[in-house]
>>> print(open('start04.cif').read())   # mmCIF, C-alpha atoms and all ligand atoms
data_run
#
loop_
_atom_site.group_PDB
_atom_site.id
_atom_site.type_symbol
_atom_site.label_atom_id
_atom_site.label_comp_id
_atom_site.auth_asym_id
_atom_site.auth_seq_id
_atom_site.Cartn_x
_atom_site.Cartn_y
_atom_site.Cartn_z
ATOM 1 C CA MET A 1 132.663 98.920 51.814
ATOM 2 C CA THR A 2 135.708 98.593 49.655
ATOM 3 C CA ARG A 3 137.476 95.664 48.272
ATOM 4 C CA THR A 4 140.455 96.284 50.481
ATOM 5 C CA GLU A 5 138.734 94.502 53.334
ATOM 6 C CA ALA A 6 137.724 90.896 53.660
ATOM 7 C CA PRO A 7 134.066 90.716 52.632
ATOM 8 C CA ALA A 8 133.291 87.892 55.011
ATOM 9 C CA GLY A 9 135.447 86.472 57.721
ATOM 10 C CA PRO A 10 139.106 85.904 57.081
ATOM 11 C CA GLY A 11 138.786 85.658 53.283
ATOM 12 C CA ARG A 12 140.979 82.581 53.346
ATOM 13 C CA GLU A 13 139.925 81.221 49.958
ATOM 14 C CA LEU A 14 140.785 84.417 48.113
ATOM 15 C CA ARG A 15 144.116 84.754 49.890
ATOM 16 C CA ARG A 16 145.008 81.165 49.022
ATOM 17 C CA ARG A 17 144.782 81.932 45.312
ATOM 18 C CA TYR A 18 147.970 83.994 45.236
ATOM 19 C CA THR A 19 151.505 83.949 46.619
ATOM 20 C CA SER A 20 154.226 86.533 47.048
ATOM 21 C CA ALA A 21 155.638 85.360 43.690
ATOM 22 C CA ASP A 22 152.601 87.034 42.092
ATOM 23 C CA LEU A 23 153.628 90.464 43.389
ATOM 24 C CA GLY A 24 155.858 90.782 40.325
ATOM 25 C CA VAL A 25 152.716 91.727 38.374
ATOM 26 C CA PHE A 26 152.740 95.191 39.997
ATOM 27 C CA THR A 27 154.206 98.069 38.037
ATOM 28 C CA ARG A 28 156.705 100.258 39.887
ATOM 29 C CA ASP A 29 154.000 102.833 40.662
ATOM 30 C CA GLU A 30 151.684 100.115 41.945
ATOM 31 C CA ALA A 31 154.369 98.457 44.083
ATOM 32 C CA HIS A 32 155.187 101.847 45.592
ATOM 33 C CA ARG A 33 151.570 102.094 46.806
ATOM 34 C CA PHE A 34 150.662 98.493 47.590
ATOM 35 C CA VAL A 35 153.953 97.059 48.884
ATOM 36 C CA PRO A 36 155.643 100.219 50.199
ATOM 37 C CA ARG A 37 158.103 98.234 52.319
ATOM 38 C CA GLY A 38 159.151 96.209 49.290
ATOM 39 C CA ALA A 39 157.697 92.890 50.457
ATOM 40 C CA GLY A 40 154.299 91.457 51.280
ATOM 41 C CA ASP A 41 152.371 88.215 51.432
ATOM 42 C CA PRO A 42 148.900 87.986 49.856
ATOM 43 C CA GLN A 43 148.308 84.804 51.874
ATOM 44 C CA THR A 44 148.162 86.905 55.031
ATOM 45 C CA ASP A 45 147.238 90.317 53.595
ATOM 46 C CA MET A 46 143.731 90.690 52.138
ATOM 47 C CA VAL A 47 144.546 94.079 50.632
ATOM 48 C CA LEU A 48 147.233 92.493 48.489
ATOM 49 C CA ALA A 49 145.002 89.534 47.618
ATOM 50 C CA TRP A 50 142.335 91.901 46.237
ATOM 51 C CA GLU A 51 144.930 93.874 44.266
ATOM 52 C CA LEU A 52 146.229 90.637 42.732
ATOM 53 C CA LEU A 53 142.695 89.535 41.873
ATOM 54 C CA TYR A 54 142.193 92.750 39.855
ATOM 55 C CA ARG A 55 145.361 92.070 37.864
ATOM 56 C CA LEU A 56 145.445 88.272 37.556
ATOM 57 C CA GLU A 57 141.739 87.375 37.392
ATOM 58 C CA PRO A 58 139.904 90.543 36.352
ATOM 59 C CA GLU A 59 137.058 88.557 34.769
ATOM 60 C CA LEU A 60 136.454 86.827 38.098
ATOM 61 C CA TYR A 61 136.271 90.215 39.819
ATOM 62 C CA ASP A 62 133.899 91.430 37.109
ATOM 63 C CA ARG A 63 131.553 88.491 37.696
ATOM 64 C CA LEU A 64 131.437 89.327 41.390
ATOM 65 C CA ALA A 65 130.898 93.067 40.841
ATOM 66 C CA SER A 66 128.169 92.382 38.266
ATOM 67 C CA ALA A 67 126.296 90.321 40.871
ATOM 68 C CA GLU A 68 126.745 92.873 43.670
ATOM 69 C CA ARG A 69 124.484 95.496 42.148
ATOM 70 C CA LEU A 70 124.350 98.999 43.563
ATOM 71 C CA HIS A 71 121.148 100.197 45.208
ATOM 72 C CA PRO A 72 119.287 102.078 42.438
ATOM 73 C CA GLY A 73 118.839 104.991 44.854
ATOM 74 C CA LEU A 74 122.589 105.619 44.804
ATOM 75 C CA VAL A 75 122.684 106.257 41.082
ATOM 76 C CA SER A 76 119.434 108.257 41.088
ATOM 77 C CA TRP A 77 120.828 110.475 43.842
ATOM 78 C CA LEU A 78 123.841 111.564 41.765
ATOM 79 C CA PRO A 79 123.556 114.948 40.048
ATOM 80 C CA ARG A 80 122.226 114.977 36.486
ATOM 81 C CA ASP A 81 123.274 117.098 33.502
ATOM 82 C CA VAL A 82 126.835 117.435 34.713
ATOM 83 C CA ASP A 83 129.310 118.852 32.211
ATOM 84 C CA ARG A 84 132.205 116.595 33.144
ATOM 85 C CA ILE A 85 132.354 113.614 35.500
ATOM 86 C CA ALA A 86 135.526 112.026 36.839
ATOM 87 C CA GLU A 87 135.363 108.552 38.347
ATOM 88 C CA VAL A 88 138.369 107.170 40.216
ATOM 89 C CA GLY A 89 138.997 103.444 40.674
ATOM 90 C CA ALA A 90 136.452 102.689 37.957
ATOM 91 C CA GLY A 91 137.371 99.002 37.779
ATOM 92 C CA THR A 92 135.305 97.118 35.231
ATOM 93 C CA GLY A 93 132.646 99.817 35.206
ATOM 94 C CA ARG A 94 129.884 98.879 37.650
ATOM 95 C CA LEU A 95 129.246 102.592 38.181
ATOM 96 C CA THR A 96 130.816 103.967 34.986
ATOM 97 C CA VAL A 97 128.073 102.613 32.745
ATOM 98 C CA GLU A 98 125.521 104.514 34.850
ATOM 99 C CA LEU A 99 127.484 107.773 34.710
ATOM 100 C CA VAL A 100 127.236 108.010 30.937
ATOM 101 C CA GLU A 101 123.618 109.176 31.220
ATOM 102 C CA ARG A 102 124.458 111.841 33.804
ATOM 103 C CA GLY A 103 127.279 113.774 32.170
ATOM 104 C CA GLN A 104 128.374 115.127 28.809
ATOM 105 C CA HIS A 105 131.850 113.660 29.223
ATOM 106 C CA VAL A 106 133.068 111.023 31.631
ATOM 107 C CA VAL A 107 136.680 110.274 32.486
ATOM 108 C CA ALA A 108 137.199 106.902 34.163
ATOM 109 C CA VAL A 109 140.512 106.645 36.021
ATOM 110 C CA GLU A 110 141.670 103.099 36.750
ATOM 111 C CA PRO A 111 145.245 101.997 37.490
ATOM 112 C CA VAL A 112 144.917 98.339 36.474
ATOM 113 C CA LEU A 113 145.407 97.623 32.776
ATOM 114 C CA PRO A 114 143.348 94.383 32.633
ATOM 115 C CA MET A 115 140.452 96.184 34.355
ATOM 116 C CA ARG A 116 140.684 99.074 31.886
ATOM 117 C CA ARG A 117 140.534 96.566 29.017
ATOM 118 C CA ILE A 118 137.302 95.041 30.312
ATOM 119 C CA LEU A 119 135.838 98.488 30.942
ATOM 120 C CA ARG A 120 136.659 99.665 27.411
ATOM 121 C CA ARG A 121 135.173 96.482 25.963
ATOM 122 C CA LYS A 122 131.939 96.951 27.933
ATOM 123 C CA LEU A 123 131.610 100.600 27.005
ATOM 124 C CA ALA A 124 132.185 99.828 23.327
ATOM 125 C CA ALA A 125 129.602 97.021 23.442
ATOM 126 C CA ALA A 126 127.079 99.439 24.948
ATOM 127 C CA GLY A 127 127.844 102.050 22.287
ATOM 128 C CA HIS A 128 129.423 104.420 24.832
ATOM 129 C CA GLY A 129 133.017 104.118 23.671
ATOM 130 C CA ASP A 130 133.167 107.772 22.585
ATOM 131 C CA ARG A 131 131.458 109.174 25.717
ATOM 132 C CA VAL A 132 133.954 107.857 28.250
ATOM 133 C CA ARG A 133 137.714 108.369 28.313
ATOM 134 C CA VAL A 134 139.384 105.528 30.217
ATOM 135 C CA VAL A 135 142.783 106.495 31.618
ATOM 136 C CA SER A 136 145.400 105.170 33.999
ATOM 137 C CA GLY A 137 145.917 106.943 37.316
ATOM 138 C CA PHE A 138 145.804 106.804 41.101
ATOM 139 C CA PHE A 139 143.767 108.648 43.715
ATOM 140 C CA ASP A 140 146.817 110.508 44.963
ATOM 141 C CA GLN A 141 147.971 111.555 41.483
ATOM 142 C CA LEU A 142 144.994 112.142 39.228
ATOM 143 C CA PRO A 143 145.869 112.861 35.596
ATOM 144 C CA LEU A 144 143.296 115.677 35.429
ATOM 145 C CA PRO A 145 143.485 119.472 35.753
ATOM 146 C CA GLY A 146 142.094 121.386 38.726
ATOM 147 C CA ASP A 147 138.364 122.315 38.668
ATOM 148 C CA PHE A 148 137.890 119.742 35.904
ATOM 149 C CA ALA A 149 134.573 118.114 36.830
ATOM 150 C CA GLY A 150 131.224 118.907 38.384
ATOM 151 C CA LEU A 151 131.096 115.415 39.869
ATOM 152 C CA VAL A 152 134.079 113.444 41.142
ATOM 153 C CA VAL A 153 133.118 110.007 42.355
ATOM 154 C CA ALA A 154 134.590 106.719 43.547
ATOM 155 C CA CYS A 155 132.653 103.479 44.058
ATOM 156 C CA SER A 156 133.953 100.754 46.349
ATOM 157 C CA ALA A 157 137.490 101.992 45.832
ATOM 158 C CA PHE A 158 138.438 104.821 48.228
ATOM 159 C CA THR A 159 139.740 104.124 51.738
ATOM 160 C CA PRO A 160 141.635 106.276 54.261
ATOM 161 C CA SER A 161 144.762 104.173 53.698
ATOM 162 C CA PRO A 162 147.411 106.004 51.625
ATOM 163 C CA GLY A 163 147.621 103.228 48.990
ATOM 164 C CA HIS A 164 143.893 103.508 48.290
ATOM 165 C CA GLY A 165 143.298 107.226 48.606
ATOM 166 C CA GLY A 166 143.939 108.560 52.087
ATOM 167 C CA GLU A 167 144.391 112.258 52.783
ATOM 168 C CA ALA A 168 146.299 112.841 49.552
ATOM 169 C CA GLY A 169 143.679 111.014 47.483
ATOM 170 C CA LEU A 170 140.769 112.932 48.962
ATOM 171 C CA ALA A 171 142.634 116.203 48.418
ATOM 172 C CA GLU A 172 143.191 115.196 44.780
ATOM 173 C CA MET A 173 139.511 114.383 44.252
ATOM 174 C CA GLU A 174 138.617 117.801 45.676
ATOM 175 C CA ARG A 175 141.270 119.541 43.555
ATOM 176 C CA VAL A 176 139.782 118.036 40.400
ATOM 177 C CA CYS A 177 136.243 119.020 41.430
ATOM 178 C CA ARG A 178 135.164 122.536 40.465
ATOM 179 C CA PRO A 179 133.713 124.991 43.040
ATOM 180 C CA GLY A 180 130.051 124.121 43.604
ATOM 181 C CA GLY A 181 130.680 120.586 42.362
ATOM 182 C CA CYS A 182 130.214 117.399 44.338
ATOM 183 C CA VAL A 183 132.684 114.756 45.523
ATOM 184 C CA VAL A 184 130.981 111.435 46.237
ATOM 185 C CA ILE A 185 132.308 108.270 47.856
ATOM 186 C CA ILE A 186 129.968 105.346 47.143
ATOM 187 C CA TRP A 187 129.931 102.318 49.464
ATOM 188 C CA PRO A 188 132.269 104.018 51.943
ATOM 189 C CA ASN A 189 133.899 101.934 54.637
ATOM 190 C CA HIS A 190 135.035 104.678 57.050
ATOM 191 C CA LEU A 191 132.131 107.081 57.512
ATOM 192 C CA ASP A 192 133.621 108.706 60.635
ATOM 193 C CA TRP A 193 136.846 109.483 58.807
ATOM 194 C CA LEU A 194 134.902 111.097 55.975
ATOM 195 C CA ALA A 195 132.540 112.939 58.363
ATOM 196 C CA ALA A 196 135.576 114.500 60.068
ATOM 197 C CA ARG A 197 136.481 115.918 56.651
ATOM 198 C CA GLY A 198 133.079 117.461 56.001
ATOM 199 C CA TYR A 199 131.364 114.558 54.200
ATOM 200 C CA ARG A 200 127.671 113.866 54.815
ATOM 201 C CA HIS A 201 126.149 110.410 54.759
ATOM 202 C CA VAL A 202 123.134 109.198 52.773
ATOM 203 C CA SER A 203 121.730 105.658 52.993
ATOM 204 C CA PHE A 204 119.012 104.050 50.883
ATOM 205 C CA PRO A 205 116.712 101.523 52.569
ATOM 206 C CA GLY A 206 115.133 98.289 51.423
ATOM 207 C CA PRO A 207 116.085 94.635 51.054
ATOM 208 C CA MET A 208 119.080 93.918 48.835
ATOM 209 C CA SER A 209 120.419 90.690 47.393
ATOM 210 C CA VAL A 210 123.434 89.673 45.389
ATOM 211 C CA GLU A 211 122.090 88.551 42.016
ATOM 212 C CA PHE A 212 124.350 85.810 40.698
ATOM 213 C CA GLY A 213 123.881 84.639 37.130
ATOM 214 C CA SER A 214 122.862 81.152 38.245
ATOM 215 C CA TYR A 215 122.770 78.941 41.318
ATOM 216 C CA ASP A 216 126.042 77.305 40.205
ATOM 217 C CA GLU A 217 127.697 80.704 39.993
ATOM 218 C CA ALA A 218 126.351 81.631 43.427
ATOM 219 C CA VAL A 219 128.031 78.545 44.908
ATOM 220 C CA GLU A 220 131.269 79.038 42.972
ATOM 221 C CA LEU A 221 131.666 82.711 43.897
ATOM 222 C CA ALA A 222 130.495 82.221 47.475
ATOM 223 C CA GLU A 223 133.196 79.599 47.981
ATOM 224 C CA ILE A 224 135.825 82.102 46.889
ATOM 225 C CA PHE A 225 134.516 85.388 48.272
ATOM 226 C CA TYR A 226 132.126 84.461 51.098
ATOM 227 C CA PRO A 227 133.398 81.055 52.273
ATOM 228 C CA LYS A 228 131.616 81.250 55.606
ATOM 229 C CA ALA A 229 128.283 81.617 53.816
ATOM 230 C CA ALA A 230 128.860 79.000 51.097
ATOM 231 C CA GLY A 231 126.985 76.275 52.995
ATOM 232 C CA GLU A 232 123.946 78.500 53.410
ATOM 233 C CA VAL A 233 124.076 79.543 49.739
ATOM 234 C CA ARG A 234 123.990 75.849 48.798
ATOM 235 C CA ARG A 235 121.169 75.149 51.212
ATOM 236 C CA ARG A 236 119.022 77.969 49.799
ATOM 237 C CA GLY A 237 119.509 76.686 46.253
ATOM 238 C CA ARG A 238 118.894 80.028 44.516
ATOM 239 C CA PRO A 239 120.968 82.480 42.440
ATOM 240 C CA SER A 240 119.699 85.458 44.475
ATOM 241 C CA VAL A 241 121.285 85.706 47.933
ATOM 242 C CA PRO A 242 120.487 88.440 50.477
ATOM 243 C CA PHE A 243 123.556 90.468 51.457
ATOM 244 C CA GLU A 244 123.009 89.629 55.115
ATOM 245 C CA VAL A 245 123.353 85.913 54.328
ATOM 246 C CA LEU A 246 126.766 86.675 52.852
ATOM 247 C CA GLY A 247 127.734 88.773 55.861
ATOM 248 C CA ILE A 248 128.542 92.030 54.069
ATOM 249 C CA ASN A 249 126.938 95.444 54.184
ATOM 250 C CA PRO A 250 125.023 96.110 50.952
ATOM 251 C CA PRO A 251 126.053 98.876 48.543
ATOM 252 C CA ARG A 252 123.367 101.294 49.757
ATOM 253 C CA ASP A 253 125.447 104.167 51.230
ATOM 254 C CA LEU A 254 127.296 107.196 49.993
ATOM 255 C CA ALA A 255 129.199 110.079 51.527
ATOM 256 C CA PHE A 256 129.336 113.429 49.757
ATOM 257 C CA LYS A 257 130.654 116.962 49.984
ATOM 258 C CA VAL A 258 129.593 119.947 47.869
ATOM 259 C CA LEU A 259 132.611 122.206 47.409
ATOM 260 C CA ALA A 260 132.255 125.886 48.286
ATOM 261 C CA GLN A 261 131.610 128.219 45.344
HETATM 262 C C1 LIG B 1 136.638 96.974 44.509
HETATM 263 S S1 LIG B 1 137.234 97.640 43.024
HETATM 264 C C2 LIG B 1 135.892 98.690 42.562
HETATM 265 C C3 LIG B 1 135.824 98.884 41.094
HETATM 266 C C4 LIG B 1 134.554 99.598 40.617
HETATM 267 N N1 LIG B 1 134.511 100.965 41.042
HETATM 268 C C5 LIG B 1 133.326 98.852 41.089
HETATM 269 O O1 LIG B 1 132.502 99.433 41.787
HETATM 270 O O2 LIG B 1 133.227 97.657 40.755
HETATM 271 C C6 LIG B 1 138.455 98.816 43.552
HETATM 272 C C7 LIG B 1 139.115 99.513 42.391
HETATM 273 O O3 LIG B 1 139.970 100.558 42.887
HETATM 274 C C8 LIG B 1 141.153 100.539 42.137
HETATM 275 N N2 LIG B 1 142.231 101.126 42.934
HETATM 276 C C9 LIG B 1 142.950 100.529 43.908
HETATM 277 N N3 LIG B 1 143.859 101.385 44.390
HETATM 278 C C10 LIG B 1 143.709 102.544 43.716
HETATM 279 C C11 LIG B 1 144.380 103.805 43.763
HETATM 280 N N4 LIG B 1 145.373 104.039 44.615
HETATM 281 N N5 LIG B 1 143.966 104.759 42.926
HETATM 282 C C12 LIG B 1 142.934 104.526 42.060
HETATM 283 N N6 LIG B 1 142.278 103.354 41.976
HETATM 284 C C13 LIG B 1 142.659 102.375 42.788
HETATM 285 C C14 LIG B 1 141.372 99.080 41.832
HETATM 286 O O4 LIG B 1 142.258 98.906 40.749
HETATM 287 C C15 LIG B 1 139.975 98.605 41.551
HETATM 288 O O5 LIG B 1 139.617 98.756 40.214
#
>>> encode(input="start04.cif", output="structure tokens", more="lines below")
Ligand SMILES: C[S@@+](CC[C@H](N)C(=O)[O-])C[C@H]1O[C@@H](n2cnc3c(N)ncnc32)[C@H](O)[C@@H]1O
Amino acid sequence: MTRTEAPAGPGRELRRRYTSADLGVFTRDEAHRFVPRGAGDPQTDMVLAWELLYRLEPELYDRLASAERLHPGLVSWLPRDVDRIAEVGAGTGRLTVELVERGQHVVAVEPVLPMRRILRRKLAAAGHGDRVRVVSGFFDQLPLPGDFAGLVVACSAFTPSPGHGGEAGLAEMERVCRPGGCVVIIWPNHLDWLAARGYRHVSFPGPMSVEFGSYDEAVELAEIFYPKAAGEVRRRGRPSVPFEVLGINPPRDLAFKVLAQ
């Protein structure tokens, strides 16, 4: 899944947080991708609401992403001892912090300045500030040379839509990946689209829950991000909430392609 789709139902609470007046936060490059017709309304468009969340309330997004932990099998599956790793749409680093152990050098590409700030802060706090280069960029215009990395990966960020990857973005990820290297889309939302482009699917089984920091946080974040499930979250009275209660598919899938040598 990616954050360009409503996680549960119509996502009304998230959309209500922003108005079209907030679109002014986009840079020219961002507006070109996210409001290509020059106008949009986050109150009716979930894609825009998520993009505004990243820019206006990045800490709120980070709290959600920290609770929605990836299946450990996903990270274990990724190749080890990679020379260079490129991650696109790194956000506040849910995956980035795991990549540090798997590569000599990691480049984290993330277009949103407030997200990059949080990511840099986290990496520095973990003592990884010098292992990861955090840069601005978009799927369809990666600021990296061809054949740069042995692993090129995106987590909960790539979609077939042009603003969030699309054909041009996938071609860019493959350009940056060296022959014999691996391109990986974690938590993909369009498996058929990726399969048609040579990507294979892997899924890791087992029960999965969203691990909120406290019961109060579970209620607060459910009301914003999973409003249909908020009543049930309250009723259960616990900080750990199974993904199925929230009505979203858990982050247990990946799609990958090994590039020809
Ligand atoms: C749902 S967040 C995922 C962030 C992080 N990978 C994670 O797992 O928490 C989606 C991320 O993709 C980024 N993004 C959106 N459009 C993008 C684009 N065209 N190119 C690169 N990144 C993009 C957003 O800024 C955001 O950080």
>>> resolve_selection(input="start04.cif", expression="the PyMOL selection byres (((chain A and resi 180-182) around 7) and not hetatm)", output="ChimeraX atom specification")
/A:150-152,177-179,183-184,256-261
>>> closest_residue(input="start04.cif", among="A:Ala157, A:Leu99, A:Leu254, A:Glu68", to="Leu123 in chain A", atoms="only C-alpha atoms")
A:Leu99
>>> closest_residue(input="start04.cif", among="A:Phe34, A:Phe139, A:Trp50, A:Tyr215", to="ligand LIG 1 (chain B)", atoms="only C-alpha atoms and all ligand atoms")
A:Phe139
>>> closest_residue(input="start04.cif", among="A:Trp77, A:Tyr54, A:Trp193, A:Phe138", to="Pro111 in chain A", atoms="all atoms listed in the file")
A:Phe138
>>> closest_residue(input="start04.cif", among="A:Ala168, A:Val107, A:Ile186, A:Met46", to="Val75 in chain A", atoms="all atoms listed in the file")
A:Ile186
>>> closest_residue(input="start04.cif", among="A:Pro160, A:Gly231, A:Pro36, A:Pro239", to="Asn189 in chain A", atoms="all atoms listed in the file")
A:Pro160
>>> decode(input="start04.cif", residues="range 231-252 of chain A", atoms="N, CA, C and O atoms", output="PDB file, in the first residue's frame")
ATOM      1  N   GLY A 231     -13.946   3.500  16.790  1.00  0.00           N
ATOM      2  CA  GLY A 231     -14.814   2.958  17.839  1.00  0.00           C
ATOM      3  C   GLY A 231     -14.284   1.625  18.339  1.00  0.00           C
ATOM      4  O   GLY A 231     -14.223   1.373  19.557  1.00  0.00           O
ATOM      5  N   GLU A 232     -13.869   0.782  17.425  1.00  0.00           N
ATOM      6  CA  GLU A 232     -13.352  -0.538  17.802  1.00  0.00           C
ATOM      7  C   GLU A 232     -12.011  -0.415  18.543  1.00  0.00           C
ATOM      8  O   GLU A 232     -11.748  -1.156  19.495  1.00  0.00           O
ATOM      9  N   VAL A 233     -11.189   0.540  18.127  1.00  0.00           N
ATOM     10  CA  VAL A 233      -9.917   0.772  18.830  1.00  0.00           C
ATOM     11  C   VAL A 233     -10.202   1.160  20.282  1.00  0.00           C
ATOM     12  O   VAL A 233      -9.572   0.659  21.220  1.00  0.00           O
ATOM     13  N   ARG A 234     -11.184   2.029  20.472  1.00  0.00           N
ATOM     14  CA  ARG A 234     -11.570   2.437  21.835  1.00  0.00           C
ATOM     15  C   ARG A 234     -12.075   1.241  22.623  1.00  0.00           C
ATOM     16  O   ARG A 234     -11.731   1.035  23.776  1.00  0.00           O
ATOM     17  N   ARG A 235     -12.922   0.455  21.981  1.00  0.00           N
ATOM     18  CA  ARG A 235     -13.528  -0.683  22.673  1.00  0.00           C
ATOM     19  C   ARG A 235     -12.469  -1.679  23.137  1.00  0.00           C
ATOM     20  O   ARG A 235     -12.541  -2.229  24.232  1.00  0.00           O
ATOM     21  N   ARG A 236     -11.441  -1.888  22.298  1.00  0.00           N
ATOM     22  CA  ARG A 236     -10.401  -2.870  22.642  1.00  0.00           C
ATOM     23  C   ARG A 236      -9.510  -2.375  23.780  1.00  0.00           C
ATOM     24  O   ARG A 236      -8.956  -3.177  24.528  1.00  0.00           O
ATOM     25  N   GLY A 237      -9.301  -1.058  23.841  1.00  0.00           N
ATOM     26  CA  GLY A 237      -8.596  -0.479  24.983  1.00  0.00           C
ATOM     27  C   GLY A 237      -7.110  -0.808  25.052  1.00  0.00           C
ATOM     28  O   GLY A 237      -6.535  -0.811  26.139  1.00  0.00           O
ATOM     29  N   ARG A 238      -6.484  -1.067  23.892  1.00  0.00           N
ATOM     30  CA  ARG A 238      -5.062  -1.447  23.918  1.00  0.00           C
ATOM     31  C   ARG A 238      -4.266  -0.642  22.879  1.00  0.00           C
ATOM     32  O   ARG A 238      -4.822  -0.236  21.847  1.00  0.00           O
ATOM     33  N   PRO A 239      -2.951  -0.464  23.116  1.00  0.00           N
ATOM     34  CA  PRO A 239      -2.147   0.279  22.142  1.00  0.00           C
ATOM     35  C   PRO A 239      -1.799  -0.540  20.889  1.00  0.00           C
ATOM     36  O   PRO A 239      -1.372   0.018  19.886  1.00  0.00           O
ATOM     37  N   SER A 240      -1.958  -1.854  20.964  1.00  0.00           N
ATOM     38  CA  SER A 240      -1.630  -2.721  19.827  1.00  0.00           C
ATOM     39  C   SER A 240      -2.942  -3.090  19.119  1.00  0.00           C
ATOM     40  O   SER A 240      -3.849  -3.645  19.745  1.00  0.00           O
ATOM     41  N   VAL A 241      -3.012  -2.777  17.820  1.00  0.00           N
ATOM     42  CA  VAL A 241      -4.269  -2.984  17.087  1.00  0.00           C
ATOM     43  C   VAL A 241      -3.988  -3.769  15.805  1.00  0.00           C
ATOM     44  O   VAL A 241      -3.217  -3.300  14.950  1.00  0.00           O
ATOM     45  N   PRO A 242      -4.584  -4.956  15.652  1.00  0.00           N
ATOM     46  CA  PRO A 242      -4.347  -5.725  14.429  1.00  0.00           C
ATOM     47  C   PRO A 242      -4.702  -4.913  13.180  1.00  0.00           C
ATOM     48  O   PRO A 242      -5.675  -4.162  13.177  1.00  0.00           O
ATOM     49  N   PHE A 243      -3.889  -5.077  12.131  1.00  0.00           N
ATOM     50  CA  PHE A 243      -4.132  -4.336  10.891  1.00  0.00           C
ATOM     51  C   PHE A 243      -5.551  -4.564  10.379  1.00  0.00           C
ATOM     52  O   PHE A 243      -6.178  -3.654   9.840  1.00  0.00           O
ATOM     53  N   GLU A 244      -6.049  -5.803  10.537  1.00  0.00           N
ATOM     54  CA  GLU A 244      -7.381  -6.059   9.961  1.00  0.00           C
ATOM     55  C   GLU A 244      -8.469  -5.254  10.670  1.00  0.00           C
ATOM     56  O   GLU A 244      -9.467  -4.889  10.054  1.00  0.00           O
ATOM     57  N   VAL A 245      -8.244  -4.941  11.957  1.00  0.00           N
ATOM     58  CA  VAL A 245      -9.214  -4.097  12.669  1.00  0.00           C
ATOM     59  C   VAL A 245      -9.251  -2.705  12.031  1.00  0.00           C
ATOM     60  O   VAL A 245     -10.292  -2.058  11.918  1.00  0.00           O
ATOM     61  N   LEU A 246      -8.082  -2.249  11.589  1.00  0.00           N
ATOM     62  CA  LEU A 246      -7.993  -0.912  11.004  1.00  0.00           C
ATOM     63  C   LEU A 246      -8.427  -0.897   9.542  1.00  0.00           C
ATOM     64  O   LEU A 246      -8.630   0.166   8.950  1.00  0.00           O
ATOM     65  N   GLY A 247      -8.538  -2.080   8.959  1.00  0.00           N
ATOM     66  CA  GLY A 247      -9.031  -2.161   7.575  1.00  0.00           C
ATOM     67  C   GLY A 247      -7.988  -1.880   6.523  1.00  0.00           C
ATOM     68  O   GLY A 247      -8.321  -1.457   5.421  1.00  0.00           O
ATOM     69  N   ILE A 248      -6.704  -2.083   6.845  1.00  0.00           N
ATOM     70  CA  ILE A 248      -5.672  -1.896   5.812  1.00  0.00           C
ATOM     71  C   ILE A 248      -4.828  -3.155   5.697  1.00  0.00           C
ATOM     72  O   ILE A 248      -4.708  -3.931   6.651  1.00  0.00           O
ATOM     73  N   ASN A 249      -4.253  -3.344   4.505  1.00  0.00           N
ATOM     74  CA  ASN A 249      -3.381  -4.505   4.330  1.00  0.00           C
ATOM     75  C   ASN A 249      -2.050  -4.225   5.036  1.00  0.00           C
ATOM     76  O   ASN A 249      -1.507  -3.136   4.930  1.00  0.00           O
ATOM     77  N   PRO A 250      -1.524  -5.194   5.771  1.00  0.00           N
ATOM     78  CA  PRO A 250      -0.288  -4.939   6.521  1.00  0.00           C
ATOM     79  C   PRO A 250       0.920  -4.831   5.587  1.00  0.00           C
ATOM     80  O   PRO A 250       0.898  -5.352   4.475  1.00  0.00           O
ATOM     81  N   PRO A 251       1.975  -4.167   6.073  1.00  0.00           N
ATOM     82  CA  PRO A 251       3.198  -4.049   5.271  1.00  0.00           C
ATOM     83  C   PRO A 251       3.995  -5.353   5.305  1.00  0.00           C
ATOM     84  O   PRO A 251       4.994  -5.472   6.024  1.00  0.00           O
ATOM     85  N   ARG A 252       3.519  -6.337   4.524  1.00  0.00           N
ATOM     86  CA  ARG A 252       4.139  -7.666   4.517  1.00  0.00           C
ATOM     87  C   ARG A 252       4.547  -8.097   3.107  1.00  0.00           C
ATOM     88  O   ARG A 252       4.951  -9.226   2.921  1.00  0.00           O
TER      89      ARG A 252
END
